[in-house]
$ cat input_37.tsv   # TSV, C-alpha atoms
chain	number	residue	atom	x	y	z
T	1	LEU	CA	0.00	0.00	0.00
T	2	ALA	CA	2.94	2.35	0.61
T	3	LEU	CA	3.97	1.88	-3.03
T	4	GLU	CA	0.42	2.31	-4.30
T	5	HIS	CA	-0.38	5.41	-2.24
T	6	GLY	CA	3.09	6.98	-2.28
T	7	GLU	CA	3.26	7.37	1.49
T	8	LEU	CA	5.55	5.80	4.09
T	9	PRO	CA	3.64	4.68	7.18
T	10	PRO	CA	5.03	5.34	10.66
T	11	THR	CA	6.91	2.53	12.39
T	12	LEU	CA	4.58	0.77	14.81
T	13	ASN	CA	5.28	1.03	18.52
T	14	HIS	CA	8.38	3.22	18.05
T	15	ARG	CA	8.84	5.60	20.94
T	16	THR	CA	12.55	6.43	21.36
T	17	PRO	CA	15.48	5.56	19.08
T	18	ASN	CA	18.28	3.44	20.45
T	19	PRO	CA	20.90	5.91	21.74
T	20	ASP	CA	23.70	3.61	20.51
T	21	ILE	CA	22.64	4.11	16.86
T	22	ASP	CA	23.94	7.29	15.28
T	23	PHE	CA	21.16	7.70	12.71
T	24	ALA	CA	22.47	11.15	11.70
T	25	SER	CA	25.58	9.56	10.15
T	26	THR	CA	23.69	6.81	8.28
T	27	PRO	CA	21.23	6.78	5.38
T	28	PHE	CA	18.68	5.10	7.66
T	29	ARG	CA	15.84	6.64	9.61
T	30	VAL	CA	12.81	5.56	11.58
T	31	THR	CA	9.61	6.96	10.13
T	32	THR	CA	7.56	8.32	13.02
T	33	GLU	CA	4.65	9.82	11.07
T	34	LEU	CA	2.92	9.30	7.73
T	35	THR	CA	5.42	10.71	5.23
T	36	PRO	CA	4.99	11.50	1.51
T	37	TRP	CA	7.08	9.25	-0.76
T	38	PRO	CA	7.40	11.18	-4.02
T	39	ARG	CA	8.22	9.49	-7.29
T	40	GLY	CA	11.76	9.97	-8.50
T	41	GLU	CA	13.75	9.07	-11.58
T	42	HIS	CA	13.42	5.34	-10.80
T	43	PRO	CA	10.41	3.29	-9.62
T	44	ARG	CA	9.85	3.25	-5.87
T	45	ARG	CA	11.21	0.07	-4.28
T	46	ALA	CA	10.72	-1.35	-0.80
T	47	GLY	CA	12.42	-4.13	1.13
T	48	VAL	CA	10.24	-6.18	3.45
T	49	SER	CA	11.56	-8.72	5.95
T	50	ALA	CA	9.65	-11.04	8.24
T	51	PHE	CA	11.51	-12.96	10.92
T	52	GLY	CA	9.78	-16.05	12.28
T	53	PHE	CA	10.38	-18.45	15.09
T	54	GLY	CA	12.80	-21.28	14.43
T	55	GLY	CA	14.70	-19.43	11.72
T	56	THR	CA	11.89	-19.21	9.17
T	57	ASN	CA	12.57	-15.87	7.51
T	58	ALA	CA	11.13	-14.20	4.41
T	59	HIS	CA	12.64	-11.27	2.52
T	60	LEU	CA	10.99	-9.47	-0.40
T	61	VAL	CA	11.92	-6.59	-2.65
T	62	LEU	CA	8.83	-4.86	-4.05
T	63	GLU	CA	8.69	-2.38	-6.92
T	64	GLU	CA	5.78	-0.16	-7.84
T	65	ALA	CA	3.83	-0.97	-10.98
T	66	PRO	CA	4.60	1.07	-14.08
T	67	PRO	CA	2.31	4.06	-14.64
T	68	GLU	CA	-0.71	3.46	-16.82
T	69	GLY	CA	-0.35	4.60	-20.40
T	70	PRO	CA	-3.01	6.46	-22.37
T	71	GLY	CA	-5.96	4.22	-23.17
T	72	GLU	CA	-4.78	1.34	-20.96
T	73	PRO	CA	-7.19	-0.11	-18.43
T	74	ALA	CA	-6.17	0.18	-14.77
T	75	GLY	CA	-3.67	-2.52	-13.85
T	76	ALA	CA	-2.93	-3.45	-17.46
T	77	ALA	CA	0.53	-4.91	-17.86
T	78	PRO	CA	2.67	-3.72	-20.75
T	79	ARG	CA	3.35	-6.29	-23.46
T	80	GLY	CA	6.75	-7.88	-23.40
T	81	THR	CA	8.69	-10.27	-21.25
T	82	ALA	CA	7.52	-11.21	-17.79
T	83	LEU	CA	9.03	-13.46	-15.15
T	84	LEU	CA	6.65	-16.13	-13.89
T	85	THR	CA	7.97	-18.10	-10.91
T	86	LEU	CA	6.44	-21.50	-10.21
T	87	SER	CA	7.19	-23.87	-7.36
T	88	ALA	CA	6.15	-27.44	-6.58
T	89	ARG	CA	7.23	-30.31	-4.34
T	90	THR	CA	8.08	-32.75	-7.14
T	91	PRO	CA	9.12	-32.54	-10.80
T	92	GLU	CA	5.80	-34.16	-11.74
T	93	ALA	CA	3.80	-31.60	-9.76
T	94	LEU	CA	5.81	-28.78	-11.38
T	95	GLU	CA	5.07	-30.19	-14.85
T	96	ASP	CA	1.35	-30.34	-14.02
T	97	LEU	CA	1.42	-26.79	-12.65
T	98	THR	CA	3.25	-25.56	-15.76
T	99	ASP	CA	0.67	-27.19	-18.05
T	100	ARG	CA	-2.25	-25.72	-16.09
T	101	MET	CA	-0.66	-22.24	-16.05
T	102	ALA	CA	-0.04	-22.36	-19.81
T	103	ALA	CA	-3.66	-23.41	-20.44
T	104	HIS	CA	-4.93	-20.61	-18.20
T	105	LEU	CA	-2.81	-18.00	-19.98
T	106	ARG	CA	-3.89	-19.22	-23.43
T	107	MET	CA	-7.56	-19.10	-22.35
T	108	HIS	CA	-7.21	-15.46	-21.27
T	109	ASP	CA	-4.90	-14.39	-24.12
T	110	PRO	CA	-5.24	-16.56	-27.23
T	111	ASP	CA	-2.35	-14.67	-28.89
T	112	LEU	CA	0.20	-16.33	-26.58
$ encode --input "input_37.tsv" --output "structure tokens"
Amino acid sequence: LALEHGELPPTLNHRTPNPDIDFASTPFRVTTELTPWPRGEHPRRAGVSAFGFGGTNAHLVLEEAPPEGPGEPAGAAPRGTALLTLSARTPEALEDLTDRMAAHLRMHDPDL
């Protein structure tokens, strides 16, 4: 939502910064209030990390969608190359998933 709305939300439950961190000499900061996130020369990108119990961690890098062009419906993807990541427990399950995904894409875009 921060990418979509162009605003950085405040950090939850932040009261006082750690006095041992010299934020003034680093590029890092703790956002304490809703802050505008203007577009720049490059798309806005955000890193998201989730740390779970037992060492189960997830890390994502998100990038905002390209702006809509004239005459394009909202959310329309530009034509061209796209990365489609598929995952399955076995090679057979991956083959089945690949076949089903290809059929789905052909049904929604016969030109593929």
$ residues_around --input "input_37.tsv" --residues "segment 50-67 of chain T" --least-positions-apart "4" --cutoff "8 Å" --atoms "all atoms listed in the file" --output "PyMOL selection string"
chain T and resi 3-4+43-46
$ atom_distance --input "input_37.tsv" --atom1 "atom CA of Pro38 of chain T" --atom2 "atom CA of Pro9 of chain T"
13.5 Å
$ atom_distance --input "input_37.tsv" --atom1 "atom CA of Phe23 of chain T" --atom2 "atom CA of His42 of chain T"
24.9 Å
$ atom_distance --input "input_37.tsv" --atom1 "atom CA of Leu34 of chain T" --atom2 "atom CA of Thr11 of chain T"
9.1 Å
$ residues_around --input "input_37.tsv" --residues "Asn13 of chain T" --least-positions-apart "3" --cutoff "10 Å" --atoms "only C-alpha atoms" --output "compact mmCIF listing (two decimals) with C-alpha atoms, keeping the file's coordinate frame"
# COMPACT_ATOMS: atom_id res chain seq x y z
CA PRO T 10 5.03 5.34 10.66
CA THR T 16 12.55 6.43 21.36
CA THR T 32 7.56 8.32 13.02
$ decode --input "input_37.tsv" --residues "segment 4-33 of chain T" --atoms "N, CA, C and O atoms" --output "PDB file, in the first residue's frame"
ATOM      1  N   GLU T   4       1.615   1.881  -3.572  1.00  0.00           N
ATOM      2  CA  GLU T   4       0.419   2.313  -4.296  1.00  0.00           C
ATOM      3  C   GLU T   4       0.017   3.742  -3.958  1.00  0.00           C
ATOM      4  O   GLU T   4      -0.332   4.527  -4.831  1.00  0.00           O
ATOM      5  N   HIS T   5       0.074   4.088  -2.675  1.00  0.00           N
ATOM      6  CA  HIS T   5      -0.383   5.406  -2.237  1.00  0.00           C
ATOM      7  C   HIS T   5       0.729   6.448  -2.165  1.00  0.00           C
ATOM      8  O   HIS T   5       0.442   7.635  -1.971  1.00  0.00           O
ATOM      9  N   GLY T   6       1.985   6.021  -2.312  1.00  0.00           N
ATOM     10  CA  GLY T   6       3.090   6.978  -2.284  1.00  0.00           C
ATOM     11  C   GLY T   6       3.300   7.617  -0.930  1.00  0.00           C
ATOM     12  O   GLY T   6       3.677   8.788  -0.842  1.00  0.00           O
ATOM     13  N   GLU T   7       3.058   6.850   0.136  1.00  0.00           N
ATOM     14  CA  GLU T   7       3.256   7.367   1.487  1.00  0.00           C
ATOM     15  C   GLU T   7       3.929   6.290   2.340  1.00  0.00           C
ATOM     16  O   GLU T   7       3.581   5.117   2.248  1.00  0.00           O
ATOM     17  N   LEU T   8       4.884   6.711   3.162  1.00  0.00           N
ATOM     18  CA  LEU T   8       5.550   5.799   4.085  1.00  0.00           C
ATOM     19  C   LEU T   8       4.829   5.840   5.424  1.00  0.00           C
ATOM     20  O   LEU T   8       4.702   6.913   6.023  1.00  0.00           O
ATOM     21  N   PRO T   9       4.353   4.693   5.900  1.00  0.00           N
ATOM     22  CA  PRO T   9       3.645   4.685   7.180  1.00  0.00           C
ATOM     23  C   PRO T   9       4.625   4.805   8.345  1.00  0.00           C
ATOM     24  O   PRO T   9       5.803   4.465   8.212  1.00  0.00           O
ATOM     25  N   PRO T  10       4.158   5.272   9.479  1.00  0.00           N
ATOM     26  CA  PRO T  10       5.030   5.340  10.660  1.00  0.00           C
ATOM     27  C   PRO T  10       5.368   3.933  11.155  1.00  0.00           C
ATOM     28  O   PRO T  10       4.604   2.994  10.954  1.00  0.00           O
ATOM     29  N   THR T  11       6.501   3.803  11.803  1.00  0.00           N
ATOM     30  CA  THR T  11       6.912   2.534  12.390  1.00  0.00           C
ATOM     31  C   THR T  11       6.066   2.271  13.633  1.00  0.00           C
ATOM     32  O   THR T  11       5.983   3.126  14.525  1.00  0.00           O
ATOM     33  N   LEU T  12       5.451   1.104  13.681  1.00  0.00           N
ATOM     34  CA  LEU T  12       4.577   0.766  14.806  1.00  0.00           C
ATOM     35  C   LEU T  12       5.359   0.663  16.115  1.00  0.00           C
ATOM     36  O   LEU T  12       6.479   0.153  16.142  1.00  0.00           O
ATOM     37  N   ASN T  13       4.770   1.153  17.147  1.00  0.00           N
ATOM     38  CA  ASN T  13       5.284   1.028  18.516  1.00  0.00           C
ATOM     39  C   ASN T  13       6.665   1.655  18.727  1.00  0.00           C
ATOM     40  O   ASN T  13       7.339   1.336  19.691  1.00  0.00           O
ATOM     41  N   HIS T  14       7.087   2.540  17.856  1.00  0.00           N
ATOM     42  CA  HIS T  14       8.377   3.219  18.046  1.00  0.00           C
ATOM     43  C   HIS T  14       8.170   4.428  18.959  1.00  0.00           C
ATOM     44  O   HIS T  14       7.317   5.265  18.719  1.00  0.00           O
ATOM     45  N   ARG T  15       8.949   4.484  19.998  1.00  0.00           N
ATOM     46  CA  ARG T  15       8.843   5.598  20.945  1.00  0.00           C
ATOM     47  C   ARG T  15      10.139   6.419  20.968  1.00  0.00           C
ATOM     48  O   ARG T  15      10.119   7.613  20.761  1.00  0.00           O
ATOM     49  N   THR T  16      11.260   5.747  21.219  1.00  0.00           N
ATOM     50  CA  THR T  16      12.546   6.433  21.362  1.00  0.00           C
ATOM     51  C   THR T  16      13.608   5.644  20.607  1.00  0.00           C
ATOM     52  O   THR T  16      13.696   4.424  20.782  1.00  0.00           O
ATOM     53  N   PRO T  17      14.427   6.300  19.796  1.00  0.00           N
ATOM     54  CA  PRO T  17      15.477   5.562  19.080  1.00  0.00           C
ATOM     55  C   PRO T  17      16.547   5.055  20.048  1.00  0.00           C
ATOM     56  O   PRO T  17      16.771   5.632  21.110  1.00  0.00           O
ATOM     57  N   ASN T  18      17.178   3.992  19.661  1.00  0.00           N
ATOM     58  CA  ASN T  18      18.276   3.438  20.448  1.00  0.00           C
ATOM     59  C   ASN T  18      19.404   4.467  20.485  1.00  0.00           C
ATOM     60  O   ASN T  18      19.902   4.891  19.437  1.00  0.00           O
ATOM     61  N   PRO T  19      19.867   4.884  21.652  1.00  0.00           N
ATOM     62  CA  PRO T  19      20.904   5.911  21.737  1.00  0.00           C
ATOM     63  C   PRO T  19      22.261   5.443  21.200  1.00  0.00           C
ATOM     64  O   PRO T  19      23.127   6.265  20.916  1.00  0.00           O
ATOM     65  N   ASP T  20      22.437   4.134  21.031  1.00  0.00           N
ATOM     66  CA  ASP T  20      23.700   3.613  20.508  1.00  0.00           C
ATOM     67  C   ASP T  20      23.753   3.653  18.978  1.00  0.00           C
ATOM     68  O   ASP T  20      24.785   3.318  18.389  1.00  0.00           O
ATOM     69  N   ILE T  21      22.658   4.017  18.332  1.00  0.00           N
ATOM     70  CA  ILE T  21      22.645   4.112  16.863  1.00  0.00           C
ATOM     71  C   ILE T  21      22.715   5.576  16.478  1.00  0.00           C
ATOM     72  O   ILE T  21      21.854   6.375  16.844  1.00  0.00           O
ATOM     73  N   ASP T  22      23.751   5.916  15.730  1.00  0.00           N
ATOM     74  CA  ASP T  22      23.943   7.289  15.277  1.00  0.00           C
ATOM     75  C   ASP T  22      23.253   7.461  13.920  1.00  0.00           C
ATOM     76  O   ASP T  22      23.886   7.428  12.874  1.00  0.00           O
ATOM     77  N   PHE T  23      21.927   7.607  13.951  1.00  0.00           N
ATOM     78  CA  PHE T  23      21.160   7.704  12.707  1.00  0.00           C
ATOM     79  C   PHE T  23      21.609   8.887  11.846  1.00  0.00           C
ATOM     80  O   PHE T  23      21.557   8.821  10.625  1.00  0.00           O
ATOM     81  N   ALA T  24      22.071   9.950  12.453  1.00  0.00           N
ATOM     82  CA  ALA T  24      22.472  11.147  11.704  1.00  0.00           C
ATOM     83  C   ALA T  24      23.616  10.849  10.734  1.00  0.00           C
ATOM     84  O   ALA T  24      23.735  11.506   9.697  1.00  0.00           O
ATOM     85  N   SER T  25      24.441   9.853  11.034  1.00  0.00           N
ATOM     86  CA  SER T  25      25.578   9.561  10.155  1.00  0.00           C
ATOM     87  C   SER T  25      25.302   8.368   9.233  1.00  0.00           C
ATOM     88  O   SER T  25      26.219   7.854   8.592  1.00  0.00           O
ATOM     89  N   THR T  26      24.045   7.922   9.160  1.00  0.00           N
ATOM     90  CA  THR T  26      23.692   6.809   8.280  1.00  0.00           C
ATOM     91  C   THR T  26      22.587   7.251   7.330  1.00  0.00           C
ATOM     92  O   THR T  26      21.941   8.277   7.550  1.00  0.00           O
ATOM     93  N   PRO T  27      22.349   6.461   6.274  1.00  0.00           N
ATOM     94  CA  PRO T  27      21.231   6.782   5.377  1.00  0.00           C
ATOM     95  C   PRO T  27      19.896   6.282   5.915  1.00  0.00           C
ATOM     96  O   PRO T  27      18.875   6.419   5.259  1.00  0.00           O
ATOM     97  N   PHE T  28      19.887   5.693   7.104  1.00  0.00           N
ATOM     98  CA  PHE T  28      18.680   5.095   7.663  1.00  0.00           C
ATOM     99  C   PHE T  28      17.951   6.050   8.591  1.00  0.00           C
ATOM    100  O   PHE T  28      18.560   6.914   9.206  1.00  0.00           O
ATOM    101  N   ARG T  29      16.641   5.848   8.682  1.00  0.00           N
ATOM    102  CA  ARG T  29      15.841   6.639   9.608  1.00  0.00           C
ATOM    103  C   ARG T  29      14.631   5.820  10.013  1.00  0.00           C
ATOM    104  O   ARG T  29      14.246   4.874   9.319  1.00  0.00           O
ATOM    105  N   VAL T  30      14.053   6.187  11.118  1.00  0.00           N
ATOM    106  CA  VAL T  30      12.815   5.556  11.577  1.00  0.00           C
ATOM    107  C   VAL T  30      11.693   6.533  11.278  1.00  0.00           C
ATOM    108  O   VAL T  30      11.717   7.678  11.746  1.00  0.00           O
ATOM    109  N   THR T  31      10.730   6.102  10.490  1.00  0.00           N
ATOM    110  CA  THR T  31       9.613   6.965  10.130  1.00  0.00           C
ATOM    111  C   THR T  31       8.641   7.001  11.310  1.00  0.00           C
ATOM    112  O   THR T  31       8.128   5.974  11.729  1.00  0.00           O
ATOM    113  N   THR T  32       8.415   8.181  11.835  1.00  0.00           N
ATOM    114  CA  THR T  32       7.560   8.316  13.024  1.00  0.00           C
ATOM    115  C   THR T  32       6.177   8.879  12.714  1.00  0.00           C
ATOM    116  O   THR T  32       5.317   8.917  13.584  1.00  0.00           O
ATOM    117  N   GLU T  33       5.968   9.324  11.475  1.00  0.00           N
ATOM    118  CA  GLU T  33       4.650   9.821  11.066  1.00  0.00           C
ATOM    119  C   GLU T  33       4.461   9.537   9.591  1.00  0.00           C
ATOM    120  O   GLU T  33       5.430   9.285   8.864  1.00  0.00           O
TER     121      GLU T  33
END
